[in-house]
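Only one structure is covered here, and it is reproduced in the block below.
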Amino acid sequence: MRKPYVAGNWKMYTDPASAADLAGKLKLSLSNATWCDMAVFPPFTSLAAVIEILKGTRIAVGGQNLHWEKEGAFTGEVSAVMLKRLGCNMVLIGHSERRTYFGEKDATVLLKIKAALEAGLKPVVCIGETLEQRESGITESVVERQIRAGLSEIPDISEVTLAYEPVWAIGTGRNATPQQAQDVHKFIRNLVSQCWTQDIASNIRILYGGSVKPDNARLLSEMEDIDGFLVGGASLNADSFTAIAEAVK
Ligand code: 13P
């Protein structure tokens, strides 16, 4: 049985003070949420403040990106080892905003996953198709390419969580219907069993992301292959993130 997982991607929002405030509220409101695993991904500059507040709680903290080298002359970058030493235990990799605006490719996604696992960080790897790709009927082949090129060289992905985030549903208020999301999640789980093992496929968590709100979370979470959520906008408000965590109970 897969334990539900609810994660908040804070994107480029919050400063250390507002992040600490939000983390403090989540610490209180989610202190009894033992039915799910939880994580938040604040921007780099808010990580230290959030880690301090969430220390000893069940809410994990992660970075939104990393560089695959341990250190070096890479101005503006942060490594997996640096995140780990700061107190992170998770990291987001391959978010569609990184792919669209910053040229992230499957090949760099692969390097980042390897670096994260080596440093002891659990990666949440994002995949998903654009509206144009969905409308051309190539959703499955896009997701398959992202998984094969981005992950299939990793011999064991049992520490990886996948997040299916259709690009057309991100920040648009237009979520995938439960059935649309379920169809892709099921396809992904089957692909994982082909590329790795049936056991890994049965245990890996596949989150849905894209306009998840308290009022659509329950129906989505009732689908067999949807194991939780990667929440953007609604994770910036403690009440709505808490309500989404309640919905996966
Ligand atoms: P929204 O929930 O704001 O649509 O964002 C989803 C997302 O990109 C999470 O990583």
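Here, A, B, ... name the chains of the structure tokens in the order displayed, residue numbers run from 1 inside each chain, and ligands are numbered from 1 in the same displayed order.
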Considering only C-alpha atoms and all ligand atoms, give me a table of residues in chain A that are at most 8 Å from ligand 1, with the closest atom pair and distance in Å for each, as JSON lines.
{"residue": "A:Gly8", "atom": "CA", "partner": "ligand 1", "partner_atom_place_in_ligand_line": "9 (C)", "distance": 7.0}
{"residue": "A:Asn9", "atom": "CA", "partner": "ligand 1", "partner_atom_place_in_ligand_line": "10 (O)", "distance": 5.1}
{"residue": "A:Lys11", "atom": "CA", "partner": "ligand 1", "partner_atom_place_in_ligand_line": "10 (O)", "distance": 7.6}
{"residue": "A:His95", "atom": "CA", "partner": "ligand 1", "partner_atom_place_in_ligand_line": "10 (O)", "distance": 6.6}
{"residue": "A:Ser96", "atom": "CA", "partner": "ligand 1", "partner_atom_place_in_ligand_line": "8 (O)", "distance": 7.4}
{"residue": "A:Glu97", "atom": "CA", "partner": "ligand 1", "partner_atom_place_in_ligand_line": "8 (O)", "distance": 7.5}
{"residue": "A:Cys126", "atom": "CA", "partner": "ligand 1", "partner_atom_place_in_ligand_line": "10 (O)", "distance": 7.8}
{"residue": "A:Glu165", "atom": "CA", "partner": "ligand 1", "partner_atom_place_in_ligand_line": "8 (O)", "distance": 6.8}
{"residue": "A:Val167", "atom": "CA", "partner": "ligand 1", "partner_atom_place_in_ligand_line": "8 (O)", "distance": 7.9}
{"residue": "A:Ala169", "atom": "CA", "partner": "ligand 1", "partner_atom_place_in_ligand_line": "4 (O)", "distance": 6.0}
{"residue": "A:Ile170", "atom": "CA", "partner": "ligand 1", "partner_atom_place_in_ligand_line": "4 (O)", "distance": 3.5}
{"residue": "A:Gly171", "atom": "CA", "partner": "ligand 1", "partner_atom_place_in_ligand_line": "4 (O)", "distance": 3.5}
{"residue": "A:Thr172", "atom": "CA", "partner": "ligand 1", "partner_atom_place_in_ligand_line": "4 (O)", "distance": 6.2}
{"residue": "A:Gly173", "atom": "CA", "partner": "ligand 1", "partner_atom_place_in_ligand_line": "4 (O)", "distance": 6.6}
{"residue": "A:Asn175", "atom": "CA", "partner": "ligand 1", "partner_atom_place_in_ligand_line": "4 (O)", "distance": 7.6}
{"residue": "A:Gly209", "atom": "CA", "partner": "ligand 1", "partner_atom_place_in_ligand_line": "6 (C)", "distance": 5.0}
{"residue": "A:Gly210", "atom": "CA", "partner": "ligand 1", "partner_atom_place_in_ligand_line": "4 (O)", "distance": 3.8}
{"residue": "A:Ser211", "atom": "CA", "partner": "ligand 1", "partner_atom_place_in_ligand_line": "4 (O)", "distance": 3.5}
{"residue": "A:Val212", "atom": "CA", "partner": "ligand 1", "partner_atom_place_in_ligand_line": "2 (O)", "distance": 5.1}
{"residue": "A:Lys213", "atom": "CA", "partner": "ligand 1", "partner_atom_place_in_ligand_line": "2 (O)", "distance": 7.3}
{"residue": "A:Leu230", "atom": "CA", "partner": "ligand 1", "partner_atom_place_in_ligand_line": "9 (C)", "distance": 5.0}
{"residue": "A:Val231", "atom": "CA", "partner": "ligand 1", "partner_atom_place_in_ligand_line": "2 (O)", "distance": 4.4}
{"residue": "A:Gly232", "atom": "CA", "partner": "ligand 1", "partner_atom_place_in_ligand_line": "2 (O)", "distance": 3.4}
{"residue": "A:Gly233", "atom": "CA", "partner": "ligand 1", "partner_atom_place_in_ligand_line": "3 (O)", "distance": 3.7}
{"residue": "A:Ala234", "atom": "CA", "partner": "ligand 1", "partner_atom_place_in_ligand_line": "2 (O)", "distance": 6.0}
{"residue": "A:Ser235", "atom": "CA", "partner": "ligand 1", "partner_atom_place_in_ligand_line": "2 (O)", "distance": 7.5}
**Asked** Near Ala48 (chain A), counting only C-alpha atoms, which residues have an atom at most 10 Å away, once you skip same-chain residues fewer than 5 positions from it, shown as number ranges by chain?
**Response** A: 16, 19-20, 42-43, 53, 61, 83, 86-88
Output N, CA, C and O atoms of each residue in that selection to a file, as an mmCIF file, in the first residue's frame.
data_model
loop_
_atom_site.group_PDB
_atom_site.id
_atom_site.type_symbol
_atom_site.label_atom_id
_atom_site.label_comp_id
_atom_site.auth_asym_id
_atom_site.auth_seq_id
_atom_site.Cartn_x
_atom_site.Cartn_y
_atom_site.Cartn_z
ATOM 1 N N PRO A 16 12.706 34.968 3.616
ATOM 2 C CA PRO A 16 12.886 34.126 4.813
ATOM 3 C C PRO A 16 11.809 34.364 5.876
ATOM 4 O O PRO A 16 11.335 33.401 6.497
ATOM 5 N N ALA A 19 8.427 32.912 4.639
ATOM 6 C CA ALA A 19 8.555 31.446 4.555
ATOM 7 C C ALA A 19 8.500 30.843 5.958
ATOM 8 O O ALA A 19 7.856 29.812 6.181
ATOM 9 N N ALA A 20 9.162 31.497 6.910
ATOM 10 C CA ALA A 20 9.157 30.997 8.285
ATOM 11 C C ALA A 20 7.736 31.050 8.842
ATOM 12 O O ALA A 20 7.284 30.127 9.538
ATOM 13 N N PRO A 42 10.851 25.325 -0.686
ATOM 14 C CA PRO A 42 10.972 26.791 -0.719
ATOM 15 C C PRO A 42 12.105 27.209 -1.657
ATOM 16 O O PRO A 42 12.938 26.381 -2.030
ATOM 17 N N PRO A 43 12.150 28.480 -2.039
ATOM 18 C CA PRO A 43 13.317 28.940 -2.806
ATOM 19 C C PRO A 43 14.586 28.842 -1.952
ATOM 20 O O PRO A 43 14.511 28.803 -0.721
ATOM 21 N N ILE A 53 12.601 25.679 11.287
ATOM 22 C CA ILE A 53 11.264 25.562 11.887
ATOM 23 C C ILE A 53 10.696 24.151 11.792
ATOM 24 O O ILE A 53 10.025 23.683 12.711
ATOM 25 N N VAL A 61 11.941 18.917 3.798
ATOM 26 C CA VAL A 61 12.237 20.168 3.094
ATOM 27 C C VAL A 61 13.225 19.876 1.959
ATOM 28 O O VAL A 61 14.160 19.089 2.139
ATOM 29 N N LEU A 83 22.897 21.193 -0.564
ATOM 30 C CA LEU A 83 21.518 21.097 -0.054
ATOM 31 C C LEU A 83 21.456 20.115 1.114
ATOM 32 O O LEU A 83 20.818 20.379 2.134
ATOM 33 N N LEU A 86 22.900 21.506 4.247
ATOM 34 C CA LEU A 86 22.049 22.548 4.840
ATOM 35 C C LEU A 86 20.924 21.923 5.668
ATOM 36 O O LEU A 86 20.356 22.564 6.544
ATOM 37 N N GLY A 87 20.606 20.669 5.359
ATOM 38 C CA GLY A 87 19.534 20.006 6.105
ATOM 39 C C GLY A 87 18.359 19.580 5.236
ATOM 40 O O GLY A 87 17.323 19.159 5.746
ATOM 41 N N CYS A 88 18.523 19.686 3.910
ATOM 42 C CA CYS A 88 17.459 19.198 3.009
ATOM 43 C C CYS A 88 17.506 17.679 2.942
ATOM 44 O O CYS A 88 18.574 17.086 3.034
#
**Request:** Run DSSP on the backbone and give me the residues of region 51-205 of chain A it puts in helix (DSSP H, G or I), as a count of residues only.
**Result:** 76
**Request:** Compare A:Glu129, A:Glu118, A:Glu144, A:Glu135 by their minimum atom-to-atom distance to Glu159 (chain A), counting only C-alpha atoms, and give me the closest one.
**Result:**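 Among the listed residues, the smallest separation from Glu159 (chain A) belongs to A:Glu118.
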Pick out the residues sitting within 10 Å of Val142 (chain A), and hand them over as a PDB file with N, CA and C atoms, in the first residue's frame; count only C-alpha atoms, and ignore anything fewer than 4 positions along from it in its own chain.
ATOM      1  N   ILE A 127       7.525  15.279 -14.768  1.00  0.00           N
ATOM      2  CA  ILE A 127       7.358  14.987 -16.193  1.00  0.00           C
ATOM      3  C   ILE A 127       5.971  15.473 -16.613  1.00  0.00           C
ATOM      4  N   GLY A 128       5.769  15.632 -17.898  1.00  0.00           N
ATOM      5  CA  GLY A 128       4.434  16.057 -18.347  1.00  0.00           C
ATOM      6  C   GLY A 128       4.501  16.710 -19.713  1.00  0.00           C
ATOM      7  N   GLU A 129       3.380  16.719 -20.391  1.00  0.00           N
ATOM      8  CA  GLU A 129       3.314  17.205 -21.767  1.00  0.00           C
ATOM      9  C   GLU A 129       2.742  18.623 -21.842  1.00  0.00           C
ATOM     10  N   THR A 130       3.047  19.314 -22.929  1.00  0.00           N
ATOM     11  CA  THR A 130       2.459  20.637 -23.166  1.00  0.00           C
ATOM     12  C   THR A 130       1.061  20.457 -23.779  1.00  0.00           C
ATOM     13  N   GLN A 133       1.319  19.207 -27.313  1.00  0.00           N
ATOM     14  CA  GLN A 133       1.612  17.767 -27.379  1.00  0.00           C
ATOM     15  C   GLN A 133       0.372  16.940 -27.051  1.00  0.00           C
ATOM     16  N   ARG A 134      -0.400  17.390 -26.048  1.00  0.00           N
ATOM     17  CA  ARG A 134      -1.642  16.656 -25.727  1.00  0.00           C
ATOM     18  C   ARG A 134      -2.582  16.690 -26.932  1.00  0.00           C
ATOM     19  N   GLY A 137      -1.963  14.344 -29.543  1.00  0.00           N
ATOM     20  CA  GLY A 137      -2.111  12.925 -29.194  1.00  0.00           C
ATOM     21  C   GLY A 137      -0.809  12.227 -28.851  1.00  0.00           C
ATOM     22  N   ILE A 138       0.217  13.011 -28.436  1.00  0.00           N
ATOM     23  CA  ILE A 138       1.510  12.347 -28.163  1.00  0.00           C
ATOM     24  C   ILE A 138       1.891  12.390 -26.668  1.00  0.00           C
ATOM     25  N   GLN A 146      10.584  11.131 -21.602  1.00  0.00           N
ATOM     26  CA  GLN A 146      11.134  11.785 -20.402  1.00  0.00           C
ATOM     27  C   GLN A 146      11.605  10.737 -19.393  1.00  0.00           C
ATOM     28  N   ILE A 147      10.858   9.663 -19.269  1.00  0.00           N
ATOM     29  CA  ILE A 147      11.241   8.629 -18.295  1.00  0.00           C
ATOM     30  C   ILE A 147      12.425   7.806 -18.814  1.00  0.00           C
ATOM     31  N   ARG A 148      12.351   7.398 -20.068  1.00  0.00           N
ATOM     32  CA  ARG A 148      13.450   6.566 -20.583  1.00  0.00           C
ATOM     33  C   ARG A 148      14.762   7.349 -20.614  1.00  0.00           C
TER      34      ARG A 148
END
